[in-house]
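*Asks:* Attaching a single structure in structure tokens format; questions to follow.
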Amino acid sequence: MKVTFLHISDVHFCPGAEEQRPSFFPFLKDIEVQLSRDVGPRYLVFSGDVAKAGSEVSHYDALLEHLAPALDAVGIPKENRICVPGNHDVCTASVKAFAIDHEEIVSKAYDEKAFNDAIESLDARLKAKFANYLDFQAEFAEYGVREDSLAGNGFTLPEGIDIFLVNTALHSSGGLRFGDQKIPDLGRLHLPTRQIAKWLEAGAPSVRLLIGHHPPSWWSAWSQREFEILRRQITMAMFGHMHSQNVTHSREYGSNLVQLFAPALLTDKRDPMGYATVTVLTESGHATAAYRQWDGRSAFVLGTVMAGNDSGVAEFGAPLESSPIWGLVRHYEASLEFAMTTYGKQPKWIEPVVKEKPETAADRKDAVQVSIEDLLSSSESTIVKAPPQFGLSCLGISLCLQACRSGQAWLRIDLASVKPHNVHSDFQRQCVAHGIAQEDVQCIVLDSWSASANNAFKCVEKLSREYPDKRILILETQDQPSIAVAGKAVIAGRNFRQLYLWSLSRTDLRDIVSGYSPTAEDDCERILSRLIADLDTLNLPRTALNSLMLLMVAEVEIDDSPVNRAEVIKRILHLIFSSTQSLTYKSRADLKDCEYLLGAFAEKIITSGNDFFTSDEFAAFGKGYNKQKLVDIDFRLILKLLLSNNIIVSDEDGQLRFRFAYWVHYFGAVRMHHERSFATYILSEMRYTRFPEVVEFYTGIDRRRDDAVEVLRDDLTKLCEKVERVCGLATPAELYALGRWDPTEADVIKLQSELEEKVLGSSLPKDVKDRFLDRTYDPARPYDQQIARVMSAYSYNNLCAGVRAGSRALRNSEHVTPELKLQLLSAIMRCWEQIQTVLVVISPTLASTGQASFDGTKFRLVGHAERKEESPEQAISRILAILPENVLSWFRSDITSSKLGPLLYRQLADAQGGLSQHNLAMLIAAIKPPGWRAVLEQYIAGVGRNSFFLWHIQSTLFTDCRFEYLEEPVKQDAVHLIKMALAKHETGSRRPGQKLLKKVELKEFDKESAKTRG
């Protein structure tokens, strides 16, 4: 029997919509024509967002008035209608009435059992927010969610088809806002798996349909995982919410499940619109989806864009297990499992968070998240950027897996094991190996790409030239925090969309903890708190790999936190070499043997620049080491143990390499302790700037490496002197001394004049000065190239790399002499000012064109396009205001440690005021070590009431309070300092007392603090 389903979604109806939206009446006419061609039973599937606003009964009444009679006329009466609510169907007025409690309910970190238990005794107020929708549903549709089973329920249609209707909007906030922040739904929506399991057990029909509003990408992580299991027993899933013509259907090879994503039917947005007529043969499960899309003028036409073909019809037959793509699916499944396994353990899969701006951007709160579906469906070439060990490879393999499951052939080329000049031949090799025709490959994923690697751009150019019509997805590993923002990058003449992979949220970390060692909820929270504290103390990004390392360490030393990354790695090695796993070999491996042998081997890798080796080469090296040192180290056993824990990995050709570069750097640092000549080699000629982790680990092993601190101090001092001597620019301290809290037009002009004198009086080449003077007449000319040549000569990149290495060394050098620590800190802060000097030079270019680049580093001025009325003087003034904050953000992660408090306080007290002192104050405000409030009180008391410095410190603290996660006592300290700065600015009092501070109102923070204290 053939059964037809008219699938619509996201109507967003309201009174007058039938007239205001020109697609409504053509839609009614079109379904009459389309359905007249089908015989047999027909149903409506309405997958949510019925009304524009669920709080308005009139919106539902209008739809009943205009749509219900039309459906009756085409043979779809109430008895044949299926309907579920969407987020627009939530009554936000009801949510507002218990907004705080509602947020507490929906933001709770449920696991599967907790959520299924909760919906069995549902809070009556959650039911109330669907009251208007349920009243509409009772009149409109026979099949829908029930008040007594609001999370979802199952039905059997007369034709023998089983359907389950899931209310994915149960925990939706309906777009409600707190202040100017929209309450998110992403990741908070759950699947009633207990009820679905009962539905599946109740019968065994040939066709089962699951219908909901939000697609799986919006669900919680555990719901997505469970759906991966349940989906094997479901024929078709129908969703809405996507508002896309490009993501309308998918089917995984080897799976019976067809997923249909309805585009919006009626909307007052500029989203593409359309609907589908889905037919299902109950005997075989064979299905087709005939798409109709709005032409934007007067009619619905063939949905060629939606179907991805000229017929407008997507057909879903039996699973194609014999297809070559099925082999790719199996290949990527195995690759993903391997990539996620480290130290013999595999963390839970966490849905990656990809956004249009890096998480280090000042305006990161405005970053738009890009869904995995969008990444898969887009035809646009794309770069996804992240620091090392953030999970880029896992993301890339997962994307390839999902694409292949939906029938698209994606091939991944890993530059960690393929030389850039061999990318074309590797692509051809993979096509042959997997039986895929080259023309059938839709996307090439270039993994482990780095802009600083040799031939990096040439390999992209070669692929673009050979395959101009294929999409390229680059996964770029960045060794330093990204400072770019959303926009296009051009590589080899091809435009690439730039995206950024973010670190894990607290909720994600909780999932990792619960998956690592299932424990009671209280134990899970205790371990989570310890994990977050260790990540913060060690200044490690919140990644799955870092979390797994620290959880392993906590297994054996739960009450003792490591103090730096070198110690973390040493404890991991201790755990591996003392585990029962190592006892399964003929003898126990010795950790000291491993460190001595691999230290020498790391020296060979670092000095040769060759990361790859074979097992025979490692064995030959081990034999030579034993002979030279007159020892008998079991190097074969060590290699087996490192291979079994994925510390060393093998590629398809049998070539071995350390999986992550930090292992080479750690063992190299150990070698520096064992062999003085190698330490001298790394520390001389600034070679450490190529391996900042080596210096970090070298100083972290015993935390008293005076030799490294002395070298770094001297090198940074020389670099600063070189910049000053060649460039001829003094630091911009006097510019900031001219800055004002509320600058007048005269202040801005004076600042501009001072900047001109600074640039024109420098030793910069004449062509650079000429470009500066001509900036207002021809802003489009290639000024950036002139600056690039100048800055390259000034060793700008070396300066940044040296600051990074010096900062990491300082963070790990608690037991170096105080004098040396102060001297290194002074050199680092001096470098900060030199970097700020360079940025002052390019500020006119940023002001006029919105972007500038030099020495391989690119900058883009956020919001430049939206400030067309801004004068060059105003733009430069705004740029100068944000430069100190930008430099802080670039190096903050390298130097952050709460243990640096006494050192920073001493340096601040000795500083001579101005920009150098302000940079230190900003660093203290960012780290917030113990005692920070009293120190910054003293700083605020010493700066001018109308100075730029006073405005900047309060502005920065205000931003922290609004957007950073701060413990309540820390937030209260920050609010106190903000009030002190505001009171000083208003009254001129050097150190305002409590009476003046009480007059300063910061309502949003005062309320939060009062609520927390209460």
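Here's how to read the names in the structure tokens: chain A, B, ... by the order shown, residue numbers from 1 in each chain, ligand numbers from 1 in the order shown.
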Step one, run DSSP on the backbone; step two, keep only residues of stretch 800-977 of chain A assigned to strand (DSSP E); then write them as number ranges by chain.
*Replies:* A: 851-854, 857-860
*Asks:* Pull N, CA and C atoms from the residues just selected and write them as a PDB file, in the first residue's frame.
*Replies:*
ATOM      1  N   GLN A 851      41.519  46.551   7.583  1.00  0.00           N
ATOM      2  CA  GLN A 851      42.391  45.396   7.732  1.00  0.00           C
ATOM      3  C   GLN A 851      43.839  45.784   7.414  1.00  0.00           C
ATOM      4  N   ALA A 852      44.738  44.993   7.974  1.00  0.00           N
ATOM      5  CA  ALA A 852      46.164  45.200   7.705  1.00  0.00           C
ATOM      6  C   ALA A 852      46.878  43.893   7.983  1.00  0.00           C
ATOM      7  N   SER A 853      48.028  43.716   7.372  1.00  0.00           N
ATOM      8  CA  SER A 853      48.804  42.507   7.625  1.00  0.00           C
ATOM      9  C   SER A 853      50.284  42.832   7.563  1.00  0.00           C
ATOM     10  N   PHE A 854      51.068  42.092   8.347  1.00  0.00           N
ATOM     11  CA  PHE A 854      52.507  42.227   8.260  1.00  0.00           C
ATOM     12  C   PHE A 854      53.161  40.978   8.824  1.00  0.00           C
ATOM     13  N   THR A 857      51.135  38.008   9.759  1.00  0.00           N
ATOM     14  CA  THR A 857      50.065  38.170  10.730  1.00  0.00           C
ATOM     15  C   THR A 857      49.013  39.127  10.176  1.00  0.00           C
ATOM     16  N   LYS A 858      47.758  38.700  10.214  1.00  0.00           N
ATOM     17  CA  LYS A 858      46.677  39.512   9.657  1.00  0.00           C
ATOM     18  C   LYS A 858      45.789  40.036  10.770  1.00  0.00           C
ATOM     19  N   PHE A 859      45.334  41.276  10.580  1.00  0.00           N
ATOM     20  CA  PHE A 859      44.423  41.908  11.527  1.00  0.00           C
ATOM     21  C   PHE A 859      43.208  42.430  10.773  1.00  0.00           C
ATOM     22  N   ARG A 860      42.066  42.318  11.399  1.00  0.00           N
ATOM     23  CA  ARG A 860      40.839  42.852  10.820  1.00  0.00           C
ATOM     24  C   ARG A 860      40.134  43.664  11.895  1.00  0.00           C
TER      25      ARG A 860
END
*Asks:* Which residues are near A:Ser807? Cut-off 8 Å, only C-alpha atoms, ignore same chain within fewer than 5 positions. Put them as a VMD selection string.
*Replies:* chain A and resid 825 828 891 894 to 895
*Asks:* Find the residues around A:Thr277 up to 6 Å (only C-alpha atoms counted), leave out those fewer than 3 positions away in its own chain, and share them as a VMD selection string.
*Replies:* chain A and resid 5 to 6 289 to 290
*Asks:* Print the selection's residues with N, CA, C and O atoms to a file, as an mmCIF file, in the first residue's frame.
*Replies:*
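Now in result_0.cif:
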data_model
loop_
_atom_site.group_PDB
_atom_site.id
_atom_site.type_symbol
_atom_site.label_atom_id
_atom_site.label_comp_id
_atom_site.auth_asym_id
_atom_site.auth_seq_id
_atom_site.Cartn_x
_atom_site.Cartn_y
_atom_site.Cartn_z
ATOM 1 N N PHE A 5 2.231 11.466 2.638
ATOM 2 C CA PHE A 5 2.307 12.422 3.744
ATOM 3 C C PHE A 5 2.669 13.797 3.182
ATOM 4 O O PHE A 5 3.717 13.948 2.536
ATOM 5 N N LEU A 6 1.818 14.772 3.413
ATOM 6 C CA LEU A 6 2.131 16.165 3.083
ATOM 7 C C LEU A 6 2.928 16.728 4.256
ATOM 8 O O LEU A 6 2.394 16.880 5.357
ATOM 9 N N ALA A 289 10.412 11.513 -1.811
ATOM 10 C CA ALA A 289 10.044 12.844 -1.329
ATOM 11 C C ALA A 289 10.063 13.791 -2.519
ATOM 12 O O ALA A 289 11.125 14.050 -3.090
ATOM 13 N N ALA A 290 8.858 14.253 -2.923
ATOM 14 C CA ALA A 290 8.739 15.197 -4.031
ATOM 15 C C ALA A 290 8.693 16.608 -3.460
ATOM 16 O O ALA A 290 7.773 16.957 -2.719
#
*Asks:* Residues within 12 Å of A:Glu18, please, as number ranges by chain. Count only C-alpha atoms; anything in the same chain fewer than 4 positions from it doesn't count.
*Replies:* A: 11-14, 22-28, 59, 62-67, 266-268
*Asks:* So which one's closest to A:Asp61, A:Ser898, A:Cys800, A:Glu139, A:Val84? Using only C-alpha atoms, please.
*Replies:*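 Among the listed residues, the smallest separation from A:Asp61 belongs to A:Glu139.
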*Asks:* Looking at only C-alpha atoms, which of A:Gly86, A:Gly668, A:Pro930, A:Gly303 is the one that sits closest to A:Leu900?
*Replies:* A:Pro930
*Asks:* Near A:Arg510, within 10 Å and counting only C-alpha atoms, which residues show up once chain neighbours fewer than 5 positions away are dropped, as a VMD selection string?
*Replies:* chain A and resid 109 504 to 505 515 to 516 524 to 525 527 to 529 531 to 532
*Asks:* Export, as a compact mmCIF listing (two decimals), in the first residue's frame, the selected residues with N, CA and C atoms.
*Replies:*
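Writing the result to out_39.txt gives the following:
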# COMPACT_ATOMS: atom_id res chain seq x y z
N ALA A 109 21.82 19.63 34.01
CA ALA A 109 22.59 18.67 33.21
C ALA A 109 22.00 17.27 33.40
N LEU A 504 35.60 23.14 25.12
CA LEU A 504 34.41 22.52 25.69
C LEU A 504 33.77 23.39 26.76
N SER A 505 32.47 23.28 26.89
CA SER A 505 31.74 23.96 27.95
C SER A 505 31.77 23.11 29.22
N GLY A 515 31.18 9.87 31.52
CA GLY A 515 31.52 8.77 30.62
C GLY A 515 32.82 8.08 30.98
N TYR A 516 33.73 8.82 31.60
CA TYR A 516 35.03 8.25 31.96
C TYR A 516 34.89 7.25 33.10
N CYS A 524 30.41 12.71 40.75
CA CYS A 524 30.64 13.30 39.43
C CYS A 524 30.90 14.80 39.54
N GLU A 525 30.10 15.49 40.36
CA GLU A 525 30.27 16.93 40.53
C GLU A 525 31.60 17.24 41.22
N ILE A 527 34.39 15.40 41.07
CA ILE A 527 35.46 15.17 40.09
C ILE A 527 35.46 16.27 39.04
N LEU A 528 34.27 16.71 38.63
CA LEU A 528 34.17 17.80 37.66
C LEU A 528 34.80 19.07 38.21
N SER A 529 34.50 19.41 39.45
CA SER A 529 35.07 20.61 40.07
C SER A 529 36.58 20.52 40.14
N LEU A 531 38.49 18.71 38.13
CA LEU A 531 38.99 18.79 36.76
C LEU A 531 39.06 20.24 36.29
N ILE A 532 38.00 21.00 36.52
CA ILE A 532 37.98 22.40 36.08
C ILE A 532 39.03 23.22 36.82
*Asks:* Using only C-alpha atoms, which residue out of A:Arg292, A:Lys623, A:Arg506, A:Arg232 lies closest to A:Val305?
*Replies:*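 Of all the options, A:Arg292 lies closest to A:Val305.
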*Asks:* Set the distance at 8 Å and use only C-alpha atoms: which residues neighbour A:Thr543 once local chain neighbours fewer than 3 positions away are removed? I'd like the list as number ranges by chain.
*Replies:* A: 389-391, 503-504, 546-547
*Asks:* If we count only C-alpha atoms and set the cut-off at 8 Å, which residues sit around A:Ala827, ignoring sequence neighbours fewer than 6 positions away in its own chain? Please answer as a PyMOL selection string.
*Replies:* chain A and resi 713+716-717
*Asks:* Could you write out the selected residues, including C-alpha atoms, as a PDB file, in the first residue's frame?
*Replies:*
ATOM      1  CA  ARG A 713      65.772  37.736  29.446  1.00  0.00           C
ATOM      2  CA  LEU A 716      64.010  39.602  24.643  1.00  0.00           C
ATOM      3  CA  THR A 717      66.036  42.642  25.680  1.00  0.00           C
TER       4      THR A 717
END
*Asks:* Pick from A:Met242, A:Leu598, A:Arg687, A:Pro15: nearest to A:His674, with only C-alpha atoms counted?
*Replies:* A:Leu598
*Asks:* From the options A:Thr956, A:Gln823, A:Asn946, A:Gln430, which residue's atoms come nearest to A:Ala921, counting only C-alpha atoms?
*Replies:*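 Ranked by minimum distance to A:Ala921, first place goes to A:Thr956.
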*Asks:* Produce a table with one row for each residue of stretch 159-222 of chain A that has an atom at most 10 Å from any atom of stretch 145-154 of chain A, each row naming the nearest atom pair and its distance in Å at one decimal; use only C-alpha atoms; arrange rows by chain and rising residue number; format as JSON lines.
*Replies:*
{"residue": "A:Asp162", "atom": "CA", "partner": "A:Gly154", "partner_atom": "CA", "distance": 7.2}
{"residue": "A:Ile163", "atom": "CA", "partner": "A:Gly154", "partner_atom": "CA", "distance": 5.6}
{"residue": "A:Phe164", "atom": "CA", "partner": "A:Gly154", "partner_atom": "CA", "distance": 4.1}
{"residue": "A:Leu165", "atom": "CA", "partner": "A:Gly152", "partner_atom": "CA", "distance": 5.3}
{"residue": "A:Val166", "atom": "CA", "partner": "A:Gly152", "partner_atom": "CA", "distance": 4.2}
{"residue": "A:Asn167", "atom": "CA", "partner": "A:Ala151", "partner_atom": "CA", "distance": 5.0}
{"residue": "A:Thr168", "atom": "CA", "partner": "A:Ala151", "partner_atom": "CA", "distance": 7.4}
{"residue": "A:Ala169", "atom": "CA", "partner": "A:Ala151", "partner_atom": "CA", "distance": 8.6}
{"residue": "A:Leu170", "atom": "CA", "partner": "A:Ala151", "partner_atom": "CA", "distance": 6.3}
{"residue": "A:His171", "atom": "CA", "partner": "A:Ala151", "partner_atom": "CA", "distance": 9.4}
{"residue": "A:His190", "atom": "CA", "partner": "A:Ala151", "partner_atom": "CA", "distance": 8.9}
{"residue": "A:Leu191", "atom": "CA", "partner": "A:Ala151", "partner_atom": "CA", "distance": 8.0}
{"residue": "A:Pro192", "atom": "CA", "partner": "A:Ala151", "partner_atom": "CA", "distance": 6.3}
{"residue": "A:Thr193", "atom": "CA", "partner": "A:Gly152", "partner_atom": "CA", "distance": 9.6}
{"residue": "A:Gln195", "atom": "CA", "partner": "A:Asn153", "partner_atom": "CA", "distance": 7.0}
{"residue": "A:Ile196", "atom": "CA", "partner": "A:Asn153", "partner_atom": "CA", "distance": 7.7}
{"residue": "A:Lys198", "atom": "CA", "partner": "A:Gly154", "partner_atom": "CA", "distance": 9.1}
{"residue": "A:Trp199", "atom": "CA", "partner": "A:Gly154", "partner_atom": "CA", "distance": 6.1}
{"residue": "A:Leu200", "atom": "CA", "partner": "A:Gly154", "partner_atom": "CA", "distance": 9.2}
{"residue": "A:Ala202", "atom": "CA", "partner": "A:Gly154", "partner_atom": "CA", "distance": 9.8}
{"residue": "A:Leu209", "atom": "CA", "partner": "A:Gly154", "partner_atom": "CA", "distance": 9.6}
{"residue": "A:Leu210", "atom": "CA", "partner": "A:Gly154", "partner_atom": "CA", "distance": 8.9}
{"residue": "A:Ile211", "atom": "CA", "partner": "A:Gly152", "partner_atom": "CA", "distance": 9.6}
{"residue": "A:Gly212", "atom": "CA", "partner": "A:Gly152", "partner_atom": "CA", "distance": 9.1}
*Asks:* Go ahead and save the picked residues with N, CA and C atoms, as a PDB file, in the first residue's frame.
*Replies:*
ATOM      1  N   ASP A 162       3.416   2.694  12.283  1.00  0.00           N
ATOM      2  CA  ASP A 162       3.589   3.200  13.645  1.00  0.00           C
ATOM      3  C   ASP A 162       4.261   4.567  13.597  1.00  0.00           C
ATOM      4  N   ILE A 163       3.741   5.532  14.367  1.00  0.00           N
ATOM      5  CA  ILE A 163       4.357   6.856  14.445  1.00  0.00           C
ATOM      6  C   ILE A 163       4.630   7.196  15.903  1.00  0.00           C
ATOM      7  N   PHE A 164       5.741   7.894  16.150  1.00  0.00           N
ATOM      8  CA  PHE A 164       6.024   8.428  17.492  1.00  0.00           C
ATOM      9  C   PHE A 164       6.228   9.926  17.355  1.00  0.00           C
ATOM     10  N   LEU A 165       5.463  10.686  18.141  1.00  0.00           N
ATOM     11  CA  LEU A 165       5.528  12.139  18.101  1.00  0.00           C
ATOM     12  C   LEU A 165       6.310  12.615  19.309  1.00  0.00           C
ATOM     13  N   VAL A 166       7.447  13.266  19.082  1.00  0.00           N
ATOM     14  CA  VAL A 166       8.291  13.729  20.180  1.00  0.00           C
ATOM     15  C   VAL A 166       8.194  15.252  20.279  1.00  0.00           C
ATOM     16  N   ASN A 167       7.976  15.730  21.491  1.00  0.00           N
ATOM     17  CA  ASN A 167       7.899  17.170  21.749  1.00  0.00           C
ATOM     18  C   ASN A 167       9.301  17.670  22.078  1.00  0.00           C
ATOM     19  N   THR A 168      10.073  17.985  21.047  1.00  0.00           N
ATOM     20  CA  THR A 168      11.445  18.455  21.280  1.00  0.00           C
ATOM     21  C   THR A 168      11.462  19.830  21.942  1.00  0.00           C
ATOM     22  N   ALA A 169      10.315  20.541  21.909  1.00  0.00           N
ATOM     23  CA  ALA A 169      10.252  21.893  22.487  1.00  0.00           C
ATOM     24  C   ALA A 169       9.916  21.882  23.968  1.00  0.00           C
ATOM     25  N   LEU A 170       9.864  20.689  24.575  1.00  0.00           N
ATOM     26  CA  LEU A 170       9.470  20.615  25.984  1.00  0.00           C
ATOM     27  C   LEU A 170      10.333  21.504  26.871  1.00  0.00           C
ATOM     28  N   HIS A 171      11.638  21.527  26.611  1.00  0.00           N
ATOM     29  CA  HIS A 171      12.553  22.343  27.408  1.00  0.00           C
ATOM     30  C   HIS A 171      12.979  23.618  26.681  1.00  0.00           C
ATOM     31  N   HIS A 190      15.820  17.171  24.856  1.00  0.00           N
ATOM     32  CA  HIS A 190      16.087  15.757  25.142  1.00  0.00           C
ATOM     33  C   HIS A 190      15.065  14.840  24.484  1.00  0.00           C
ATOM     34  N   LEU A 191      15.450  13.590  24.361  1.00  0.00           N
ATOM     35  CA  LEU A 191      14.621  12.571  23.725  1.00  0.00           C
ATOM     36  C   LEU A 191      14.036  11.665  24.816  1.00  0.00           C
ATOM     37  N   PRO A 192      12.705  11.427  24.823  1.00  0.00           N
ATOM     38  CA  PRO A 192      12.092  10.541  25.835  1.00  0.00           C
ATOM     39  C   PRO A 192      12.351   9.078  25.476  1.00  0.00           C
ATOM     40  N   THR A 193      13.560   8.636  25.685  1.00  0.00           N
ATOM     41  CA  THR A 193      13.990   7.323  25.183  1.00  0.00           C
ATOM     42  C   THR A 193      13.237   6.173  25.837  1.00  0.00           C
ATOM     43  N   GLN A 195      10.073   6.087  26.693  1.00  0.00           N
ATOM     44  CA  GLN A 195       8.791   5.951  26.000  1.00  0.00           C
ATOM     45  C   GLN A 195       9.000   5.428  24.579  1.00  0.00           C
ATOM     46  N   ILE A 196      10.069   5.879  23.916  1.00  0.00           N
ATOM     47  CA  ILE A 196      10.343   5.395  22.556  1.00  0.00           C
ATOM     48  C   ILE A 196      10.652   3.904  22.572  1.00  0.00           C
ATOM     49  N   LYS A 198       9.511   1.689  24.671  1.00  0.00           N
ATOM     50  CA  LYS A 198       8.239   0.965  24.848  1.00  0.00           C
ATOM     51  C   LYS A 198       7.460   0.927  23.535  1.00  0.00           C
ATOM     52  N   TRP A 199       7.502   2.032  22.792  1.00  0.00           N
ATOM     53  CA  TRP A 199       6.828   2.098  21.497  1.00  0.00           C
ATOM     54  C   TRP A 199       7.427   1.071  20.531  1.00  0.00           C
ATOM     55  N   LEU A 200       8.746   0.959  20.533  1.00  0.00           N
ATOM     56  CA  LEU A 200       9.412   0.018  19.638  1.00  0.00           C
ATOM     57  C   LEU A 200       9.117  -1.427  20.023  1.00  0.00           C
ATOM     58  N   ALA A 202       6.382  -2.496  21.373  1.00  0.00           N
ATOM     59  CA  ALA A 202       4.952  -2.806  21.317  1.00  0.00           C
ATOM     60  C   ALA A 202       4.550  -3.547  20.048  1.00  0.00           C
ATOM     61  N   LEU A 209       7.674   5.732  11.818  1.00  0.00           N
ATOM     62  CA  LEU A 209       8.028   7.131  11.622  1.00  0.00           C
ATOM     63  C   LEU A 209       8.216   7.798  12.975  1.00  0.00           C
ATOM     64  N   LEU A 210       9.284   8.608  13.102  1.00  0.00           N
ATOM     65  CA  LEU A 210       9.477   9.460  14.278  1.00  0.00           C
ATOM     66  C   LEU A 210       9.366  10.902  13.804  1.00  0.00           C
ATOM     67  N   ILE A 211       8.530  11.698  14.491  1.00  0.00           N
ATOM     68  CA  ILE A 211       8.234  13.061  14.041  1.00  0.00           C
ATOM     69  C   ILE A 211       8.488  14.039  15.185  1.00  0.00           C
ATOM     70  N   GLY A 212       9.252  15.080  14.925  1.00  0.00           N
ATOM     71  CA  GLY A 212       9.525  16.114  15.917  1.00  0.00           C
ATOM     72  C   GLY A 212       9.873  17.421  15.219  1.00  0.00           C
TER      73      GLY A 212
END
*Asks:* Could you state the separation of atom CA of A:Pro844 and atom CA of A:Ile879 in Å, given to one decimal place?
*Replies:*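 Between atom CA of A:Pro844 and atom CA of A:Ile879 the gap is 9.1 Å.
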